[in-house]
Structure formats: structure tokens, C-alpha cells
file data_21.txt (compact mmCIF, C-alpha atoms)
# COMPACT_ATOMS: atom_id res chain seq x y z
CA MET A 1 -10.64 -41.83 15.30
CA GLN A 2 -14.39 -41.97 14.75
CA ASP A 3 -14.94 -40.24 18.09
CA VAL A 4 -12.53 -37.45 17.14
CA ILE A 5 -14.26 -36.86 13.80
CA GLN A 6 -17.67 -36.91 15.44
CA GLN A 7 -16.58 -34.45 18.13
CA ALA A 8 -14.89 -32.17 15.59
CA THR A 9 -18.05 -31.93 13.48
CA THR A 10 -20.58 -31.24 16.23
CA TRP A 11 -22.29 -27.85 15.97
CA TYR A 12 -20.41 -26.40 18.92
CA THR A 13 -16.94 -27.49 17.69
CA LEU A 14 -17.40 -27.22 13.92
CA PRO A 15 -16.66 -23.45 13.68
CA LEU A 16 -13.28 -23.98 15.36
CA THR A 17 -12.64 -27.04 13.20
CA ILE A 18 -13.25 -24.97 10.07
CA LEU A 19 -10.88 -22.27 11.33
CA VAL A 20 -8.20 -24.88 12.05
CA GLY A 21 -8.64 -26.20 8.51
CA LEU A 22 -8.35 -22.73 6.97
CA LEU A 23 -5.23 -22.00 9.00
CA ALA A 24 -3.72 -25.31 7.91
CA ILE A 25 -4.34 -24.35 4.27
CA TYR A 26 -2.81 -20.91 4.90
CA TRP A 27 0.38 -22.35 6.37
CA LEU A 28 0.68 -24.96 3.62
CA LEU A 29 0.41 -22.21 1.00
CA ALA A 30 2.99 -20.18 2.91
CA ILE A 31 5.38 -23.12 3.18
CA PHE A 32 5.19 -23.82 -0.56
CA GLY A 33 5.58 -20.13 -1.39
CA ALA A 34 2.12 -19.61 -2.90
CA ILE A 35 1.61 -16.71 -0.50
CA SER A 36 3.86 -14.73 1.79
CA SER A 37 4.18 -16.06 5.33
CA ASP A 38 3.30 -12.52 6.44
CA ALA A 39 0.09 -12.52 4.42
CA LEU A 40 -2.88 -11.24 6.39
CA ASP A 41 -0.50 -10.38 9.19
CA PHE A 42 -1.23 -7.86 11.93
CA ASP A 43 1.18 -5.35 13.42
CA ILE A 44 0.50 -3.26 16.49
CA ASP A 45 2.34 -0.02 17.07
CA SER A 46 3.47 -0.43 20.66
CA GLY A 47 3.72 3.28 21.11
CA GLY A 48 0.13 4.20 20.39
CA GLY A 49 -3.29 3.21 19.20
CA ASP A 50 -2.64 2.38 15.58
CA LEU A 51 -3.43 -1.07 14.30
CA ASP A 52 -1.91 -1.92 10.94
CA LEU A 53 -3.02 -4.81 8.77
CA ASP A 54 -0.73 -5.93 5.97
CA ALA A 55 -2.22 -8.30 3.42
CA ASP A 56 -0.21 -9.89 0.62
CA ALA A 57 -1.35 -12.80 -1.52
CA ASP A 58 0.20 -11.61 -4.78
CA VAL A 59 -1.90 -8.50 -4.17
CA ASP A 60 -0.54 -6.01 -1.65
CA ALA A 61 -2.60 -3.66 0.46
CA ASP A 62 -1.63 -1.55 3.42
CA HIS A 63 -4.37 -0.31 5.69
CA SER A 64 -3.99 1.78 8.80
CA PHE A 65 -6.81 2.06 11.32
CA ASP A 66 -6.88 4.67 14.08
CA ALA A 67 -8.23 3.06 17.26
CA HIS A 68 -9.18 6.42 18.80
CA HIS A 69 -8.77 5.11 22.32
CA ASP A 70 -6.54 6.23 25.17
CA SER A 71 -3.56 3.85 25.40
CA GLY A 72 -5.10 1.78 22.63
CA GLY A 73 -8.30 0.82 24.49
CA ILE A 74 -9.40 -2.56 25.75
CA GLY A 75 -9.18 -4.20 22.34
CA LEU A 76 -5.56 -3.27 21.81
CA ALA A 77 -4.75 -4.17 25.42
CA VAL A 78 -6.05 -7.68 24.73
CA LEU A 79 -4.04 -7.91 21.52
CA ARG A 80 -0.90 -6.77 23.30
CA PHE A 81 -1.54 -9.32 26.05
CA LEU A 82 -1.58 -12.01 23.36
CA ASN A 83 1.79 -10.68 22.11
CA PHE A 84 0.43 -9.19 18.88
CA GLY A 85 3.00 -6.80 17.49
CA GLN A 86 5.87 -8.75 19.03
CA VAL A 87 5.02 -12.06 17.37
CA PRO A 88 3.46 -12.19 13.86
CA GLY A 89 -0.31 -11.97 14.13
CA MET A 90 -0.97 -15.12 12.13
CA VAL A 91 1.26 -17.10 14.48
CA VAL A 92 -0.68 -15.80 17.49
CA ILE A 93 -4.03 -16.48 15.81
CA SER A 94 -2.95 -19.98 14.81
CA VAL A 95 -1.83 -20.85 18.34
CA LEU A 96 -5.00 -19.40 19.86
CA VAL A 97 -7.40 -21.12 17.47
CA PHE A 98 -5.67 -24.50 17.66
CA THR A 99 -5.47 -24.31 21.46
CA MET A 100 -9.15 -23.40 21.75
CA TRP A 101 -10.10 -26.18 19.34
CA LEU A 102 -8.09 -28.74 21.31
CA LEU A 103 -9.50 -27.59 24.66
CA SER A 104 -13.03 -27.57 23.27
CA MET A 105 -12.61 -31.07 21.84
CA ILE A 106 -11.28 -32.45 25.12
CA GLY A 107 -13.75 -30.55 27.28
CA ASN A 108 -16.81 -31.66 25.35
CA PHE A 109 -15.55 -35.24 25.06
CA VAL A 110 -15.06 -35.47 28.83
CA PHE A 111 -17.90 -33.34 30.16
CA ASN A 112 -20.49 -33.04 27.40
CA LEU A 113 -21.03 -36.29 25.54
CA ALA A 114 -24.77 -35.55 25.62
CA GLY A 115 -24.20 -32.37 23.59
CA ALA A 116 -25.97 -29.99 25.98
CA ALA A 117 -25.95 -26.46 24.56
CA LEU A 118 -25.39 -24.69 27.88
CA VAL A 119 -22.47 -26.93 28.79
CA ALA A 120 -20.98 -26.46 25.30
CA ILE A 121 -21.19 -22.66 25.65
CA LEU A 122 -19.55 -22.83 29.09
CA ILE A 123 -16.75 -25.04 27.74
CA PHE A 124 -16.22 -22.61 24.85
CA ALA A 125 -15.89 -19.70 27.30
CA VAL A 126 -13.37 -21.64 29.38
CA ALA A 127 -11.49 -22.67 26.23
CA LEU A 128 -11.31 -19.01 25.19
CA ILE A 129 -9.88 -17.85 28.52
CA VAL A 130 -7.50 -20.77 29.01
CA GLY A 131 -6.55 -20.67 25.32
CA ALA A 132 -5.63 -16.98 25.62
CA LEU A 133 -3.46 -17.69 28.66
CA LEU A 134 -1.75 -20.62 26.92
CA THR A 135 -1.25 -18.53 23.78
CA LYS A 136 0.42 -15.84 25.87
CA ALA A 137 2.71 -18.43 27.47
CA LEU A 138 3.49 -20.33 24.24
CA THR A 139 4.30 -17.23 22.18
CA LEU A 140 6.35 -15.51 24.88
CA PRO A 141 9.58 -17.41 24.02
CA LEU A 142 9.12 -16.40 20.36
CA ILE A 143 9.34 -12.67 21.09
CA PRO A 144 13.16 -12.39 21.06
CA VAL A 145 13.31 -14.57 17.93
CA PHE A 146 10.92 -12.42 15.91
CA ARG A 147 12.33 -9.23 17.40
CA SER A 148 15.63 -10.16 15.81
CA LEU A 149 14.06 -11.25 12.54
CA ASN A 150 11.95 -8.11 12.35
CA ASN A 151 15.11 -6.03 12.55
CA HIS A 152 14.74 -4.26 15.87
CA GLY A 153 17.72 -2.70 17.59
CA ASP A 154 21.03 -2.68 15.75
CA THR A 155 20.16 -5.07 12.91
CA HIS A 156 18.96 -2.39 10.44
CA GLU A 157 22.54 -1.70 9.43
CA ALA A 158 23.03 -5.41 8.76
CA ILE A 159 20.09 -5.44 6.34
CA VAL A 160 21.01 -2.32 4.36
CA GLY A 161 23.40 -3.28 1.58
CA ARG A 162 22.14 -6.85 1.26
CA GLU A 163 20.47 -8.39 -1.75
CA CYS A 164 16.83 -9.41 -1.49
CA ARG A 165 14.22 -11.12 -3.62
CA VAL A 166 10.72 -9.74 -4.05
CA ARG A 167 8.16 -12.09 -2.49
CA SER A 168 5.00 -10.02 -2.83
CA GLY A 169 3.10 -9.66 -6.10
CA SER A 170 4.90 -6.39 -6.66
CA VAL A 171 6.84 -3.69 -4.84
CA THR A 172 5.73 -0.11 -5.33
CA ALA A 173 6.26 3.17 -3.51
CA GLU A 174 3.28 2.24 -1.31
CA SER A 175 3.66 -1.45 -0.48
CA GLY A 176 5.67 -4.62 -0.91
CA GLN A 177 7.66 -7.36 0.78
CA ALA A 178 11.00 -8.98 0.04
CA GLU A 179 13.01 -11.89 1.41
CA VAL A 180 16.49 -11.40 2.82
CA ASP A 181 19.02 -14.08 3.76
CA ARG A 182 21.00 -13.36 6.91
CA GLU A 183 23.12 -15.65 9.05
CA GLY A 184 21.73 -18.77 7.40
CA ALA A 185 18.08 -17.76 7.83
CA SER A 186 15.69 -16.05 5.44
CA PHE A 187 12.97 -13.67 6.54
CA LEU A 188 10.59 -11.10 5.11
CA ILE A 189 10.93 -7.34 5.37
CA ASN A 190 8.53 -4.59 4.34
CA VAL A 191 9.99 -2.76 1.36
CA ARG A 192 9.24 0.09 -1.02
CA VAL A 193 10.77 1.55 -4.17
CA ALA A 194 11.52 5.26 -4.36
CA PRO A 195 8.62 7.42 -5.61
CA GLY A 196 8.70 7.62 -9.40
CA ARG A 197 10.66 4.38 -9.74
CA GLU A 198 9.27 1.47 -11.74
CA ALA A 199 7.56 -1.19 -9.64
CA LEU A 200 9.34 -4.48 -9.10
CA SER A 201 7.70 -7.85 -9.71
CA LYS A 202 7.67 -11.07 -7.69
CA GLY A 203 10.99 -12.87 -7.99
CA ASP A 204 13.02 -9.78 -8.95
CA LEU A 205 16.40 -9.34 -7.28
CA ALA A 206 17.06 -6.02 -5.60
CA LEU A 207 19.45 -4.29 -3.24
CA VAL A 208 18.39 -2.85 0.10
CA VAL A 209 19.67 0.71 0.00
CA ASP A 210 18.09 2.43 3.00
CA HIS A 211 15.82 2.03 6.03
CA ASP A 212 12.92 4.34 6.87
CA GLU A 213 12.90 4.38 10.67
CA ALA A 214 9.70 6.42 10.96
CA ASN A 215 7.59 4.16 8.74
CA GLN A 216 9.48 0.91 9.37
CA PHE A 217 10.23 -0.18 5.83
CA TYR A 218 13.31 -0.61 3.66
CA LEU A 219 13.97 1.15 0.40
CA ILE A 220 15.15 -1.19 -2.35
CA LYS A 221 16.49 -0.72 -5.86
CA SER A 222 16.50 -3.22 -8.72
CA LEU A 223 19.88 -4.78 -9.34
CA GLU A 224 19.37 -4.09 -13.05
CA GLN A 225 19.07 -0.37 -12.28
CA ILE A 226 22.28 -0.51 -10.26
CA ASN A 227 24.21 -2.52 -12.83
call {"tool": "encode", "arguments": {"input": "data_21.txt", "output": "C-alpha cells"}}
result
Amino acid sequence: MQDVIQQATTWYTLPLTILVGLLAIYWLLAIFGAISSDALDFDIDSGGGDLDLDADADVDADHSFDAHHDSGGIGLAVLRFLNFGQVPGMVVISVLVFTMWLLSMIGNFVFNLAGAALVAILIFAVALIVGALLTKALTLPLIPVFRSLNNHGDTHEAIVGRECRVRSGSVTAESGQAEVDREGASFLINVRVAPGREALSKGDLALVVDHDEANQFYLIKSLEQIN
């Protein structure tokens, strides 16, 4: 155990160790409902060069960045290779960071007990490449799971008409997330209220009344407004 702690806190492994710790805190907060499990999540539009970042930790913000590259450019090609857009971004990042950390720990323990900087840099580069390949392989089986949960194909009709509970800090005409129960599983969907409608608060119950195919969000209405 002492060797593990020592290896995890060396200068060449410490940055990855800190990232692993931050991700662990993120997932613990998500599990206990302190933040949405889609907080700080990334979505890639598979049809073009737009990269969307949705952040929700009781404060919602939607940002859209135009990549201005043909076919998304190298950066988006790398993200697509890692299955961003098909698997939630934070899942991909978590797998990549943990895999790199584990490979770096093992690599330096086996090949770099002396702590040579050049060897550490080489091991980091190898950990990055191998970690990316492993991330691709490990997240590949998750694609059909999240494709279903993210309501692709014919599942939109199954969501419309269902009750949901607001999970973000609020739901406005610009941003928001809600939780829907379907077939024994609960998952988050991006939601909005109609323009001019009063914003909903975290914990409010609402009804999913429509789906915006173009912008990929659901329109919801407070159950109090319906009743």
C-alpha cells in the first residue's frame, strides 16, 4: 500500500491522481443526487462540427461552439473515436483518465523506479495512446445502452406523455434537465418550458408534452398547470 501511495504522489503521476480524485468526487455527488449525472457533459453532433457542452450543478448553462473545421477537424475526429456523442462525455473522460492513471502507475512501478523524467514522459505518452484505445474498446458496448436511454430511434413517442421530475436547478425556455422513469430505469432528458411559461424548480413534477427533433429537447409542462 505504501508503494501505491508513493507512486501515486510522484510528480509524474500526481496530476492524474488528482484528476481521478476529482472524478471520484463528481460521481459520488452524482450518485447522491447533489448534481446531475449529466453535469459537465459533452455532446457531439454527429452530423457536423458543432460541439455542445451542457453544464448543470443546480445552475444550468448551454453553450454551443462552432468548430469551423471540415468534417469536424482533427479534434472532433479524436472525440468521435473515443465515442463522445454516443456515450456521455463524463463516462468517456472517467474511463480514459482512470485507464491512463492505472497504466502510468504500473508502467512507472515496473520500468521507472528511479523516477527518470524522460522515462516518465515516455510512459505517459504510451499510457495516453493505450488508454485511448482501451477507452474506445471499453465504451463501445455502452453505445447501444446510451443510445436507447438518450431516446434515439422510436423511443421519443414513449417519452412524450410521461411524467418527469426536474433534476436541474431550474427548467426555463433555454435550458433544463428532468428525470424520467421508463421500463424500470430512470434517465435524464434535456427539457424546456414553452416561451413565456414560468420556470420550474428542482423537484417539480411535470408532464412531457412534446419533443423538438431539431434541437433535441423535450417540452414539459407543470402538472399544476395541467390540473
call {"tool": "closest_residue", "arguments": {"input": "data_21.txt", "among": "A:Met105, A:Ile74, A:Ile129, A:Leu79", "to": "Gln6 (chain A)", "atoms": "all atoms listed in the file"}}
result
A:Met105
call {"tool": "residues_around", "arguments": {"input": "data_21.txt", "residues": "Thr17 (chain A)", "least_positions_apart": "6", "cutoff": "10 Å", "atoms": "all atoms listed in the file", "output": "MDAnalysis selection string"}}
result
chainID A and resid 5 7:10 23 97:98 100:102 105
call {"tool": "atom_distance", "arguments": {"input": "data_21.txt", "atom1": "CA of Leu28 (chain A)", "atom2": "CA of Gln216 (chain A)"}}
result
27.9 Å
call {"tool": "atom_distance", "arguments": {"input": "data_21.txt", "atom1": "CA of Ser104 (chain A)", "atom2": "CA of Thr13 (chain A)"}}
result
6.8 Å
call {"tool": "atom_distance", "arguments": {"input": "data_21.txt", "atom1": "CA of Ala125 (chain A)", "atom2": "CA of Leu113 (chain A)"}}
result
17.5 Å
call {"tool": "residues_around", "arguments": {"input": "data_21.txt", "residues": "region 131-136 of chain A", "least_positions_apart": "2", "cutoff": "10 Å", "atoms": "only C-alpha atoms", "output": "mmCIF file with C-alpha atoms, keeping the file's coordinate frame"}}
result
data_model
loop_
_atom_site.group_PDB
_atom_site.id
_atom_site.type_symbol
_atom_site.label_atom_id
_atom_site.label_comp_id
_atom_site.auth_asym_id
_atom_site.auth_seq_id
_atom_site.Cartn_x
_atom_site.Cartn_y
_atom_site.Cartn_z
ATOM 1 C CA VAL A 78 -6.050 -7.680 24.730
ATOM 2 C CA ARG A 80 -0.900 -6.770 23.300
ATOM 3 C CA PHE A 81 -1.540 -9.320 26.050
ATOM 4 C CA LEU A 82 -1.580 -12.010 23.360
ATOM 5 C CA ASN A 83 1.790 -10.680 22.110
ATOM 6 C CA PHE A 84 0.430 -9.190 18.880
ATOM 7 C CA VAL A 91 1.260 -17.100 14.480
ATOM 8 C CA VAL A 92 -0.680 -15.800 17.490
ATOM 9 C CA ILE A 93 -4.030 -16.480 15.810
ATOM 10 C CA SER A 94 -2.950 -19.980 14.810
ATOM 11 C CA VAL A 95 -1.830 -20.850 18.340
ATOM 12 C CA LEU A 96 -5.000 -19.400 19.860
ATOM 13 C CA VAL A 97 -7.400 -21.120 17.470
ATOM 14 C CA PHE A 98 -5.670 -24.500 17.660
ATOM 15 C CA THR A 99 -5.470 -24.310 21.460
ATOM 16 C CA MET A 100 -9.150 -23.400 21.750
ATOM 17 C CA TRP A 101 -10.100 -26.180 19.340
ATOM 18 C CA LEU A 102 -8.090 -28.740 21.310
ATOM 19 C CA LEU A 103 -9.500 -27.590 24.660
ATOM 20 C CA SER A 104 -13.030 -27.570 23.270
ATOM 21 C CA PHE A 124 -16.220 -22.610 24.850
ATOM 22 C CA ALA A 125 -15.890 -19.700 27.300
ATOM 23 C CA VAL A 126 -13.370 -21.640 29.380
ATOM 24 C CA ALA A 127 -11.490 -22.670 26.230
ATOM 25 C CA LEU A 128 -11.310 -19.010 25.190
ATOM 26 C CA ILE A 129 -9.880 -17.850 28.520
ATOM 27 C CA LEU A 138 3.490 -20.330 24.240
ATOM 28 C CA THR A 139 4.300 -17.230 22.180
ATOM 29 C CA LEU A 140 6.350 -15.510 24.880
ATOM 30 C CA PRO A 141 9.580 -17.410 24.020
#
call {"tool": "build_atoms", "arguments": {"input": "data_21.txt", "residues": "region 160-180 of chain A", "atoms": "N, CA, C and O atoms", "output": "PDB file, keeping the file's coordinate frame"}}
result
ATOM      1  N   VAL A 160      20.670  -3.264   5.428  1.00  0.00           N
ATOM      2  CA  VAL A 160      21.010  -2.320   4.360  1.00  0.00           C
ATOM      3  C   VAL A 160      22.300  -2.783   3.674  1.00  0.00           C
ATOM      4  O   VAL A 160      23.292  -3.104   4.329  1.00  0.00           O
ATOM      5  N   GLY A 161      22.250  -2.824   2.356  1.00  0.00           N
ATOM      6  CA  GLY A 161      23.400  -3.280   1.580  1.00  0.00           C
ATOM      7  C   GLY A 161      23.310  -4.727   1.154  1.00  0.00           C
ATOM      8  O   GLY A 161      24.138  -5.191   0.362  1.00  0.00           O
ATOM      9  N   ARG A 162      22.308  -5.444   1.636  1.00  0.00           N
ATOM     10  CA  ARG A 162      22.140  -6.850   1.260  1.00  0.00           C
ATOM     11  C   ARG A 162      21.210  -6.982   0.056  1.00  0.00           C
ATOM     12  O   ARG A 162      20.340  -6.138  -0.175  1.00  0.00           O
ATOM     13  N   GLU A 163      21.382  -8.077  -0.657  1.00  0.00           N
ATOM     14  CA  GLU A 163      20.470  -8.390  -1.750  1.00  0.00           C
ATOM     15  C   GLU A 163      19.198  -9.006  -1.179  1.00  0.00           C
ATOM     16  O   GLU A 163      19.216  -9.650  -0.126  1.00  0.00           O
ATOM     17  N   CYS A 164      18.107  -8.824  -1.890  1.00  0.00           N
ATOM     18  CA  CYS A 164      16.830  -9.410  -1.490  1.00  0.00           C
ATOM     19  C   CYS A 164      16.077  -9.845  -2.733  1.00  0.00           C
ATOM     20  O   CYS A 164      16.405  -9.442  -3.850  1.00  0.00           O
ATOM     21  N   ARG A 165      15.070 -10.671  -2.522  1.00  0.00           N
ATOM     22  CA  ARG A 165      14.220 -11.120  -3.620  1.00  0.00           C
ATOM     23  C   ARG A 165      12.774 -10.765  -3.300  1.00  0.00           C
ATOM     24  O   ARG A 165      12.293 -11.025  -2.195  1.00  0.00           O
ATOM     25  N   VAL A 166      12.103 -10.161  -4.250  1.00  0.00           N
ATOM     26  CA  VAL A 166      10.720  -9.740  -4.050  1.00  0.00           C
ATOM     27  C   VAL A 166       9.827 -10.951  -3.864  1.00  0.00           C
ATOM     28  O   VAL A 166       9.853 -11.883  -4.678  1.00  0.00           O
ATOM     29  N   ARG A 167       9.051 -10.970  -2.782  1.00  0.00           N
ATOM     30  CA  ARG A 167       8.160 -12.090  -2.490  1.00  0.00           C
ATOM     31  C   ARG A 167       6.692 -11.718  -2.674  1.00  0.00           C
ATOM     32  O   ARG A 167       5.847 -12.593  -2.839  1.00  0.00           O
ATOM     33  N   SER A 168       6.380 -10.444  -2.615  1.00  0.00           N
ATOM     34  CA  SER A 168       5.000 -10.020  -2.830  1.00  0.00           C
ATOM     35  C   SER A 168       4.715  -9.951  -4.327  1.00  0.00           C
ATOM     36  O   SER A 168       5.616 -10.096  -5.152  1.00  0.00           O
ATOM     37  N   GLY A 169       3.455  -9.726  -4.679  1.00  0.00           N
ATOM     38  CA  GLY A 169       3.100  -9.660  -6.100  1.00  0.00           C
ATOM     39  C   GLY A 169       3.863  -8.576  -6.822  1.00  0.00           C
ATOM     40  O   GLY A 169       4.217  -8.713  -7.991  1.00  0.00           O
ATOM     41  N   SER A 170       4.125  -7.494  -6.113  1.00  0.00           N
ATOM     42  CA  SER A 170       4.900  -6.390  -6.660  1.00  0.00           C
ATOM     43  C   SER A 170       5.418  -5.538  -5.515  1.00  0.00           C
ATOM     44  O   SER A 170       4.957  -5.676  -4.378  1.00  0.00           O
ATOM     45  N   VAL A 171       6.361  -4.682  -5.810  1.00  0.00           N
ATOM     46  CA  VAL A 171       6.840  -3.690  -4.840  1.00  0.00           C
ATOM     47  C   VAL A 171       6.703  -2.325  -5.476  1.00  0.00           C
ATOM     48  O   VAL A 171       7.251  -2.068  -6.551  1.00  0.00           O
ATOM     49  N   THR A 172       5.952  -1.465  -4.840  1.00  0.00           N
ATOM     50  CA  THR A 172       5.730  -0.110  -5.330  1.00  0.00           C
ATOM     51  C   THR A 172       6.212   0.882  -4.269  1.00  0.00           C
ATOM     52  O   THR A 172       6.790   0.497  -3.256  1.00  0.00           O
ATOM     53  N   ALA A 173       5.910   2.137  -4.494  1.00  0.00           N
ATOM     54  CA  ALA A 173       6.260   3.170  -3.510  1.00  0.00           C
ATOM     55  C   ALA A 173       5.329   3.126  -2.308  1.00  0.00           C
ATOM     56  O   ALA A 173       5.571   3.804  -1.311  1.00  0.00           O
ATOM     57  N   GLU A 174       4.257   2.319  -2.399  1.00  0.00           N
ATOM     58  CA  GLU A 174       3.280   2.240  -1.310  1.00  0.00           C
ATOM     59  C   GLU A 174       3.318   0.936  -0.537  1.00  0.00           C
ATOM     60  O   GLU A 174       2.965   0.897   0.644  1.00  0.00           O
ATOM     61  N   SER A 175       3.736  -0.152  -1.154  1.00  0.00           N
ATOM     62  CA  SER A 175       3.660  -1.450  -0.480  1.00  0.00           C
ATOM     63  C   SER A 175       4.604  -2.453  -1.120  1.00  0.00           C
ATOM     64  O   SER A 175       5.075  -2.273  -2.240  1.00  0.00           O
ATOM     65  N   GLY A 176       4.864  -3.534  -0.377  1.00  0.00           N
ATOM     66  CA  GLY A 176       5.670  -4.620  -0.910  1.00  0.00           C
ATOM     67  C   GLY A 176       6.443  -5.340   0.178  1.00  0.00           C
ATOM     68  O   GLY A 176       6.621  -4.822   1.290  1.00  0.00           O
ATOM     69  N   GLN A 177       6.862  -6.565  -0.129  1.00  0.00           N
ATOM     70  CA  GLN A 177       7.660  -7.360   0.780  1.00  0.00           C
ATOM     71  C   GLN A 177       8.757  -8.081   0.000  1.00  0.00           C
ATOM     72  O   GLN A 177       8.576  -8.437  -1.163  1.00  0.00           O
ATOM     73  N   ALA A 178       9.882  -8.274   0.660  1.00  0.00           N
ATOM     74  CA  ALA A 178      11.000  -8.980   0.040  1.00  0.00           C
ATOM     75  C   ALA A 178      11.646  -9.898   1.055  1.00  0.00           C
ATOM     76  O   ALA A 178      11.496  -9.713   2.267  1.00  0.00           O
ATOM     77  N   GLU A 179      12.362 -10.894   0.558  1.00  0.00           N
ATOM     78  CA  GLU A 179      13.010 -11.890   1.410  1.00  0.00           C
ATOM     79  C   GLU A 179      14.519 -11.629   1.433  1.00  0.00           C
ATOM     80  O   GLU A 179      15.141 -11.424   0.392  1.00  0.00           O
ATOM     81  N   VAL A 180      15.067 -11.628   2.631  1.00  0.00           N
ATOM     82  CA  VAL A 180      16.490 -11.400   2.820  1.00  0.00           C
ATOM     83  C   VAL A 180      17.101 -12.601   3.518  1.00  0.00           C
ATOM     84  O   VAL A 180      16.509 -13.153   4.447  1.00  0.00           O
TER      85      VAL A 180
END
